[in-house]
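Peer 1: Quick one, structure_27.txt (compact mmCIF, C-alpha atoms):
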# COMPACT_ATOMS: atom_id res chain seq x y z
CA MET A 13 86.03 76.28 86.49
CA THR A 14 88.00 76.99 89.66
CA TRP A 15 91.54 78.30 89.30
CA THR A 16 94.37 75.97 90.31
CA ALA A 17 98.08 76.66 90.40
CA PRO A 18 99.32 76.12 86.85
CA SER A 19 101.51 73.22 85.85
CA VAL A 20 105.11 74.12 85.17
CA VAL A 21 107.18 73.21 82.15
CA ARG A 22 110.78 73.39 83.25
CA THR A 23 112.85 75.77 81.18
CA GLN A 24 116.03 74.95 83.08
CA GLN A 25 117.64 71.54 83.42
CA LEU A 26 120.47 71.21 85.93
CA ARG A 27 122.44 68.92 83.62
CA ASP A 28 122.83 71.89 81.26
CA LEU A 29 124.64 74.01 83.84
CA GLY A 30 127.82 71.98 84.28
CA THR A 31 130.10 73.90 81.94
CA VAL A 32 128.46 77.27 81.36
CA THR A 33 129.75 80.70 82.33
CA GLU A 34 129.40 81.91 85.89
CA ARG A 35 126.57 84.25 84.92
CA GLN A 36 124.69 81.52 83.08
CA MET A 37 125.18 79.21 86.05
CA LEU A 38 123.83 81.71 88.59
CA GLU A 39 120.87 82.63 86.41
CA GLY A 40 120.21 78.95 85.65
CA TRP A 41 120.26 77.81 89.25
CA LEU A 42 117.98 80.68 90.26
CA ARG A 43 115.56 79.89 87.42
CA TRP A 44 115.56 76.19 88.42
CA HIS A 45 114.76 77.04 92.04
CA ARG A 46 112.02 79.50 91.06
CA GLU A 47 110.46 76.80 88.88
CA THR A 48 110.82 74.23 91.68
CA LEU A 49 108.69 76.35 94.02
CA LEU A 50 106.00 76.58 91.35
CA VAL A 51 106.23 72.83 90.65
CA LYS A 52 105.51 72.23 94.34
CA CYS A 53 102.32 74.27 93.98
CA ALA A 54 101.15 72.97 90.60
CA GLY A 55 97.62 71.63 90.40
CA LEU A 56 96.56 72.71 93.87
CA SER A 57 93.42 74.69 94.57
CA PRO A 58 93.63 78.03 96.37
CA ALA A 59 92.39 76.39 99.58
CA LEU A 60 95.14 73.76 99.47
CA LEU A 61 97.79 76.36 98.65
CA ALA A 62 96.78 78.37 101.71
CA ARG A 63 96.58 75.33 103.98
CA THR A 64 99.08 74.97 106.81
CA THR A 65 100.11 71.34 107.16
CA VAL A 66 103.25 71.28 109.29
CA GLU A 67 101.97 72.26 112.71
CA PRO A 68 102.62 74.26 114.73
CA SER A 69 104.01 76.36 111.86
CA GLY A 70 101.65 78.73 110.06
CA LEU A 71 103.64 78.27 106.85
CA SER A 72 101.78 77.53 103.61
CA LEU A 73 102.77 77.07 99.98
CA LEU A 74 100.96 80.27 99.08
CA GLY A 75 102.82 82.06 101.88
CA LEU A 76 106.11 80.86 100.39
CA VAL A 77 105.18 82.17 96.94
CA ARG A 78 104.30 85.52 98.47
CA HIS A 79 107.46 85.55 100.61
CA MET A 80 109.72 84.87 97.66
CA ALA A 81 108.15 87.71 95.69
CA GLU A 82 108.98 90.00 98.62
CA VAL A 83 112.56 88.69 98.89
CA GLU A 84 113.12 89.03 95.14
CA ARG A 85 111.92 92.63 95.25
CA TRP A 86 113.97 93.47 98.33
CA TRP A 87 117.31 92.25 97.02
CA PHE A 88 117.15 92.87 93.28
CA ARG A 89 115.02 95.97 92.96
CA ARG A 90 115.15 97.83 96.26
CA SER A 91 118.67 97.00 97.39
CA PHE A 92 120.72 96.36 94.23
CA ALA A 93 118.92 98.69 91.81
CA GLY A 94 117.90 101.27 94.43
CA GLU A 95 114.32 101.41 93.19
CA VAL A 96 111.87 103.13 95.46
CA VAL A 97 109.08 100.57 95.52
CA GLY A 98 107.00 99.34 98.42
CA GLU A 99 106.31 95.79 99.42
CA VAL A 100 104.53 93.40 97.09
CA PHE A 101 101.99 92.12 99.64
CA THR A 102 102.61 93.70 103.01
CA GLY A 103 102.68 97.09 104.61
CA PRO A 104 105.89 98.79 105.61
CA SER A 105 107.77 97.31 108.55
CA ASP A 106 105.22 94.62 109.41
CA GLY A 107 108.06 92.09 109.35
CA ASP A 108 106.18 89.11 107.92
CA GLU A 109 107.65 89.38 104.41
CA GLY A 110 104.50 87.97 102.78
CA LEU A 111 104.27 84.83 104.91
CA ALA A 112 101.28 86.05 106.91
CA GLY A 113 98.03 87.42 105.61
CA VAL A 114 97.52 84.57 103.17
CA ASP A 115 94.04 84.53 101.66
CA ALA A 116 93.05 81.59 99.47
CA ALA A 117 90.67 83.86 97.56
CA GLU A 118 93.69 85.86 96.37
CA ALA A 119 95.84 82.91 95.23
CA GLU A 120 95.58 83.60 91.51
CA ARG A 121 96.43 87.27 92.08
CA ASP A 122 99.36 86.34 94.32
CA PHE A 123 100.80 83.96 91.72
CA GLY A 124 100.50 86.73 89.12
CA ARG A 125 102.35 89.13 91.38
CA PHE A 126 105.09 86.55 91.93
CA ARG A 127 105.54 86.10 88.16
CA ASP A 128 105.53 89.86 87.61
CA GLU A 129 108.14 90.36 90.33
CA VAL A 130 110.43 87.68 88.90
CA GLU A 131 110.23 89.37 85.48
CA ALA A 132 110.96 92.79 86.99
CA CYS A 133 113.92 91.42 88.94
CA ASP A 134 115.34 89.70 85.87
CA ALA A 135 115.01 92.97 83.96
CA VAL A 136 116.90 94.86 86.70
CA ALA A 137 119.79 92.40 86.61
CA ALA A 138 119.97 92.05 82.83
CA GLY A 139 123.11 93.58 81.41
CA ARG A 140 124.52 94.43 84.83
CA GLY A 141 127.90 93.09 85.89
CA LEU A 142 128.18 90.49 88.63
CA ASP A 143 130.85 92.66 90.27
CA GLU A 144 128.58 95.70 90.36
CA THR A 145 128.07 96.72 93.98
CA PHE A 146 125.63 98.52 96.22
CA VAL A 147 125.59 99.30 99.91
CA SER A 148 123.31 97.05 101.94
CA PRO A 149 120.91 98.49 104.51
CA GLY A 150 123.41 97.32 107.13
CA GLY A 151 126.18 99.35 105.47
CA ALA A 152 128.14 96.51 103.87
CA PRO A 153 129.15 96.65 100.22
CA LEU A 154 127.58 93.73 98.33
CA SER A 155 127.72 92.62 94.70
CA LEU A 156 125.10 91.40 92.25
CA ARG A 157 126.89 88.03 92.44
CA TRP A 158 126.14 88.01 96.17
CA VAL A 159 122.45 88.71 95.47
CA TYR A 160 122.23 85.77 93.06
CA THR A 161 123.94 83.49 95.58
CA LEU A 162 121.68 84.66 98.39
CA MET A 163 118.56 84.14 96.28
CA ILE A 164 119.63 80.61 95.30
CA GLN A 165 120.12 79.66 98.95
CA GLU A 166 116.86 81.37 99.96
CA TYR A 167 114.90 79.36 97.38
CA ALA A 168 116.76 76.15 98.25
CA ARG A 169 115.86 76.52 101.92
CA HIS A 170 112.23 77.35 101.26
CA ASN A 171 111.88 74.68 98.58
CA GLY A 172 112.77 72.22 101.33
CA HIS A 173 109.87 73.63 103.33
CA ALA A 174 107.68 73.35 100.22
CA ASP A 175 108.60 69.65 99.96
CA PHE A 176 107.15 68.99 103.40
CA LEU A 177 104.10 71.17 102.86
CA ARG A 178 103.22 69.50 99.55
CA GLU A 179 103.75 65.98 100.86
CA ARG A 180 101.53 66.73 103.86
CA THR A 181 98.91 68.30 101.58
CA ASP A 182 98.36 65.46 99.12
CA GLY A 183 101.27 63.03 99.33
CA VAL A 184 103.10 64.32 96.26
CA THR A 185 106.89 64.12 96.51
CA GLY A 186 109.82 64.82 94.20
CA ASP A 187 110.76 67.95 92.34
Just dump the structure as structure tokens.
Peer 2:
Amino acid sequence: MTWTAPSVVRTQQLRDLGTVTERQMLEGWLRWHRETLLVKCAGLSPALLARTTVEPSGLSLLGLVRHMAEVERWWFRRSFAGEVVGEVFTGPSDGDEGLAGVDAAEAERDFGRFRDEVEACDAVAAGRGLDETFVSPGGAPLSLRWVYTLMIQEYARHNGHADFLRERTDGVTGD
């Protein structure tokens, strides 16, 4: 049987975030957006995940999964935690942040790397204060709160792209 992107059982409902603590809200929104990206991919074959459908863009659903693994690693592990780890998918300074170099034959591997990166990023942030700071590569002091907020907006923007890609792939719409 050929691998397809797994179906997603939502662990986060937005209705549950209305009156929680700030930390729970940030973590919840990020979890919801991570799951949304995977929902957009669910049930698709590797070839469909790698397909570009919004010409002239070379963007694909698989490229978005790869990109978000890179962005997660960059902000949570490399920047906030100061871990010395390379890129998830790309070589140093190639600038594509996982969007290019998509290979349908590697889709299952790429999804596994995304899941592993999300787990590693959650582990880095666990037990750390939202006001804890680090110095960004540009020299600005930033907080863990800022990283959560950035990641939520990054997923929200790319989930909009995923909406178009999925609809153009097989007509599926909705979250």
Peer 1: Write out as a PyMOL selection string which residues come within 12 Å of Asp175 (chain A) when counting all atoms listed in the file, dropping same-chain ones fewer than 3 positions away.
Peer 2: chain A and resi 48-53+65-66+72-73+76+167-172+178-187
Peer 1: With all atoms listed in the file as the basis for distance, which of A:Phe123, A:Phe92, A:Pro68, A:Asp134 is at the shortest distance from Pro153 (chain A)?
Peer 2: A:Phe92
Peer 1: Go through region 63-98 of chain A residue by residue and, counting all atoms listed in the file, keep those with an atom at most 12 Å from region 142-146 of chain A; for each kept residue give the shortest atom pair and its distance in Å to one decimal, ordered by chain and increasing number, as a Markdown table.
Peer 2:
| residue | atom | partner | partner_atom | distance |
| --- | --- | --- | --- | --- |
| A:Trp87 | CA | A:Phe146 | CA | 10.4 |
| A:Phe88 | CA | A:Phe146 | CA | 10.6 |
| A:Arg89 | CA | A:Phe146 | CA | 11.4 |
| A:Arg90 | CA | A:Phe146 | CA | 10.5 |
| A:Ser91 | CA | A:Phe146 | CA | 7.2 |
| A:Phe92 | CA | A:Phe146 | CA | 5.7 |
| A:Ala93 | CA | A:Phe146 | CA | 8.0 |
| A:Gly94 | CA | A:Phe146 | CA | 8.4 |
Peer 1: Work out how far apart CA of Gln165 (chain A) and CA of Val21 (chain A) are and give it in Å to one decimal.
Peer 2: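 One can read the CA of Gln165 (chain A) to CA of Val21 (chain A) distance as 22.2 Å.
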Peer 1: So which one's closest to Arg78 (chain A), A:Ala152, A:Cys133, A:Val32, A:Leu61? Using all atoms listed in the file, please.
Peer 2: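 Smallest separation from Arg78 (chain A) among the options: A:Leu61.
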Peer 1: Tell me which of A:Gly40, A:Gly139, A:Pro58, A:Gly124 sits closest to Leu26 (chain A), counting only C-alpha atoms.
Peer 2: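 Closest residue, counting only C-alpha atoms: A:Gly40.
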Peer 1: Which polymer residues have any atom within 8 Å of an atom of Phe126 (chain A), counting only C-alpha atoms, with same-chain residues fewer than 2 positions away left out, as a list in words?
Peer 2: Val77, Arg78, Met80, Ala81, Asp122, Phe123, Gly124, Asp128, Glu129 and Val130 of chain A
Peer 1: Quick one: distance from CA of Ala17 (chain A) to CA of Glu120 (chain A) in Å, one decimal?
Peer 2: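 For CA of Ala17 (chain A) relative to CA of Glu120 (chain A), the distance reads 7.5 Å.
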Peer 1: For CA of Met163 (chain A) and CA of Ala112 (chain A), determine how far apart the two atoms are, in Å to one decimal place.
Peer 2: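 Value for the CA of Met163 (chain A)-CA of Ala112 (chain A) distance: 20.4 Å.
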Peer 1: Hey, what's within 9 Å of Val83 (chain A) if we count all atoms listed in the file and toss same-chain stuff fewer than 6 positions away? As a PyMOL selection string, please?
Peer 2: chain A and resi 109-110+163+166
Peer 1: Taking into account all atoms listed in the file, which residue in the set A:Val20, A:Leu156, A:Leu74, A:Ala132 is nearest to Trp44 (chain A)?
Peer 2: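 For Trp44 (chain A), the nearest of the given residues is A:Val20.
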Peer 1: Restricting the calculation to all atoms listed in the file, which member of A:Thr14, A:His173, A:Val147, A:Gly141 is positioned closest to Tyr160 (chain A)?
Peer 2: A:Gly141
Peer 1: Using all atoms listed in the file, which of A:Thr33, A:Ser57, A:Thr64, A:Thr16 sits nearest Leu177 (chain A)?
Peer 2: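 Answer, going by the shortest atom-to-atom distance: A:Thr64.
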Peer 1: May I have the centre and edge lengths, in Å to one decimal, of an axis-aligned box around the listed atoms of region 123-136 of chain A with 6 Å added to every side, as JSON?
Peer 2:
{"center_x": 108.7, "center_y": 89.4, "center_z": 87.9, "size_x": 28.4, "size_y": 22.9, "size_z": 20.0}
Peer 1: So that I can see what lies close to Leu111 (chain A), please list as a list in words the residues with an atom at most 7 Å from it, counting only C-alpha atoms and leaving out residues fewer than 3 positions away in the same chain.
Peer 2: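 Skipping anything fewer than 3 positions along the chain leaves Leu71, Gly75, Leu76, Arg78, His79, Asp108 and Val114 of chain A.
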